[in-house]
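Asks: Got a structure for you, written out below as structure tokens; questions coming shortly.
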Amino acid sequence: MAEAAETRVVTGEGGAGNAGAGTRVRLPLLDVLRGVAILGTLMSNVWLFAGPGAEWGALSGNAATSAGADSSTLAGAMETLFRSLANGKFLSMLTILFGVGLAIQFRSAAQRGQPWPGRYKWRALFLFTEGAVHFALVFAWDVLMGYAVVALLVAWLLTRSARAQRVTWIAMGTLHLAAMTLLTTAPLFASGGATGGPDTDTDAVTLYAEGGYAEQVAFRLSHAVVLRMEPVLSFALLVFLFLLGVRLFRAGAFQNDAAGRRIRRRLAGWGLGVGLPLTTLAVLGGPGFFLLERYVTAPVLAVGYLGLIGMVMDRIRHPGPLTSALTSVGRTALSCYVLQNVLAMLACYGIGLGLASRWADSGPWWVMGLWAVICLVLVTGASLWLRRFEHGPLESVQKRLLRR
């Protein structure tokens with residue numbers, strides 16, 4: 001998300017001593033895709049905030065998965081649909097788009113004759129620091145720290161040969177698929193869960209419902225090893241998706257031309273055609289297939305989402321309010337990502353409105369409603385902000401700190 005504002009490509013001749021050469025051409029589709037991905041990640045994360053024990057409860061099984069709702073009722077069916085359409089899909093989309101942003105910056109540096117990774121190392125360090133603060137103060141399932149580490153690796157890979165990048169891409173995909181299959185089928189994993197002691201789950205429920213803010217921060221820090229397991233578990237997938245984003249950008253998948261439209265149609269066809277059936281099977285398989293749903297079928301469906309949204313955008317001749325709103329969120333992606341988690345925290349935890357505890361037995365409708373309300377706040381706030389400022393608040397801080 002450090003690259004959220006970097007959706008422009010430098011065209012023309014560039015070189016050492018010619019940093020101003022070329023023309024910056026914006027790729028509008030990327031802003032829309034980022035906006036959708038940011039709002040989509042909240043479709044998954046909102047259930048973490050709303051479940052018993054919040055962030056820890058998800059690891060302990062207190063927060064139901066896509067397959068955990070009672071689909072025999074209308075509310076249960078809608079919850080299952082809501083969760084299964086979002087779980088891991090938009091996170092995968094966001095990861096792919098981060099790889100696209102990295103490819104854009106690499107090409108821009110090359111055309112300007114600038115060293116690589118050069119100053120990008122400081123961008124990654126800023127993102128890691130930002131993620132660490134976000135983890136401690138707001139949300140334990142932060143993605144920024146993992147992105148920063150993977151971004152450094154992929155930034156280095158971009159200086160290697162095309163063959164080295166391709167071999168790494170295939171190897172990481174294969175390794176991830178094998179690991180998820182093994183973890184899903186291993187009896188010990190299927191019967192066990194992440195716990196921090198016999199009283200930790202109960203304590204966590206009480207903490208997030210009634211505890212103070214300082215206590216919650218201390219809990220996240222003291223359980224950081226367990227709470228930070230997702231980026232470790234999905235490290236190979238992150239590298240794979242980053243490199244996929246690089247490959248898609250270089251292939252012209254986001255360009256507004258015939259070749260780009262053709263690629264987007266293929267992405268939609270293959271991604272949806274394969275991803276939807278696989279996701280359905282994983283959801284029907286029950287909670288035991290959670291890893292396959294979130295980390296295997298989700299990336300496939302995310303590719304389909306990318307293609308489908310691109311096809312819809314190809315048919316829009318005159319952007320309307322929805323397109324403008326999504327673009328605004330996409331241009332302020334980092335700020336919106338952090339803000340949506342802050343708003344969800346204040347709405348659900350006892351330090352704020354305490355809705356997770358007060359409405360625990362009210363069914364899923366209020367959770368879906370909360371997502372819609374936060375989305376409305378984000379699109380409205382981002383649109384109003386960009387009327388006066390060029391970049392989002394956190395994006396502006398980043399640019400000032402990294403400015404020479």
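Naming works like this for the structure tokens: A, B, ... for the chains as they're shown, residue 1 at the start of each chain, ligands 1 onward in shown order.
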As number ranges by chain, please: the residues near A:Val342 (cut-off 10 Å, only C-alpha atoms, same-chain neighbours under 6 positions excluded).
Replies: A: 134, 137-139, 336
Asks: Hey, what's within 12 Å of A:Asp361 if we count only C-alpha atoms and toss same-chain stuff fewer than 5 positions away? As a compact mmCIF listing (two decimals) with N, CA, C and O atoms, in the first residue's frame, please?
Replies:
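Output saved as selection_39.txt:
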# COMPACT_ATOMS: atom_id res chain seq x y z
N ALA A 50 -15.88 -8.22 15.24
CA ALA A 50 -17.20 -8.47 15.82
C ALA A 50 -17.31 -9.79 16.59
O ALA A 50 -18.27 -10.00 17.33
N GLY A 51 -16.34 -10.67 16.45
CA GLY A 51 -16.42 -11.98 17.09
C GLY A 51 -15.97 -11.94 18.54
O GLY A 51 -15.26 -11.03 18.97
N PRO A 52 -16.36 -12.95 19.33
CA PRO A 52 -15.91 -13.04 20.73
C PRO A 52 -14.39 -13.16 20.81
O PRO A 52 -13.80 -13.99 20.14
N LEU A 355 -20.13 -2.86 20.50
CA LEU A 355 -21.21 -3.54 19.79
C LEU A 355 -21.02 -5.05 19.75
O LEU A 355 -21.99 -5.80 19.74
N ALA A 356 -19.77 -5.52 19.72
CA ALA A 356 -19.52 -6.96 19.66
C ALA A 356 -20.11 -7.68 20.85
O ALA A 356 -20.63 -8.80 20.74
N TRP A 366 -26.13 -6.94 11.75
CA TRP A 366 -25.49 -5.72 12.22
C TRP A 366 -24.02 -5.66 11.79
O TRP A 366 -23.49 -4.56 11.54
N VAL A 367 -23.38 -6.83 11.65
CA VAL A 367 -21.98 -6.85 11.21
C VAL A 367 -21.89 -6.39 9.75
O VAL A 367 -21.03 -5.57 9.39
Asks: Excluding same-chain residues fewer than 5 positions from A:Val377, what lies within 12 Å of it counting only C-alpha atoms, as a PyMOL selection string?
Replies: chain A and resi 39+325+329+336+339-340+343-344+370-372+382-385
Asks: What are the nearest atom pairs, with distances in Å to one decimal, for all residues of stretch 23-118 of chain A that come at most 10 Å from stretch 144-165 of chain A, using only C-alpha atoms, set out by chain and rising residue number as a Markdown table?
Replies:
| residue | atom | partner | partner_atom | distance |
| --- | --- | --- | --- | --- |
| A:Thr95 | CA | A:Tyr147 | CA | 7.8 |
| A:Phe98 | CA | A:Tyr147 | CA | 8.1 |
| A:Gly99 | CA | A:Ala151 | CA | 7.9 |
| A:Leu102 | CA | A:Ala155 | CA | 7.2 |
| A:Ala103 | CA | A:Leu158 | CA | 8.1 |
| A:Gln105 | CA | A:Ala155 | CA | 9.6 |
| A:Phe106 | CA | A:Leu158 | CA | 7.7 |
| A:Arg107 | CA | A:Leu158 | CA | 9.8 |
| A:Trp116 | CA | A:Thr159 | CA | 7.6 |
| A:Pro117 | CA | A:Ala155 | CA | 6.2 |
| A:Gly118 | CA | A:Ala155 | CA | 9.9 |
Asks: DSSP on the backbone: what in stretch 47-276 of chain A comes out helix (DSSP H, G or I), as a PyMOL selection string?
Replies: chain A and resi 47-50+54-60+74-86+89-111+120-137+144-157+162-185+187-191+200-210+213-222+224-227+229-233+235-251+258-276
Asks: Need to verify the contact set: A:Arg228, 8 Å, only C-alpha atoms, exclusion of same-chain residues closer than 3 positions in sequence. Can you return it as a list in words?
Replies: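 Final neighbour list, sorted by chain and number: Ala140, Trp141, Ala224, Val225, Pro231 and Val232 of chain A.
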Asks: Find the spatial neighbours of stretch 294-299 of chain A, counting only C-alpha atoms, within a cut-off of 9 Å - ignore same-chain residues fewer than 3 positions away - and output them as JSON, numbers by chain.
Replies: {"A": [84, 85, 86, 87, 88, 89, 90, 91, 92, 93, 176, 177, 180, 234, 237, 241, 271, 274, 275, 276, 278, 279, 282, 289, 290, 291, 302, 303, 304]}
Asks: Could you pull out the strand (DSSP E) residues of stretch 8-239 of chain A from DSSP and send them as a ChimeraX atom specification?
Replies: /A:8-11,23-26
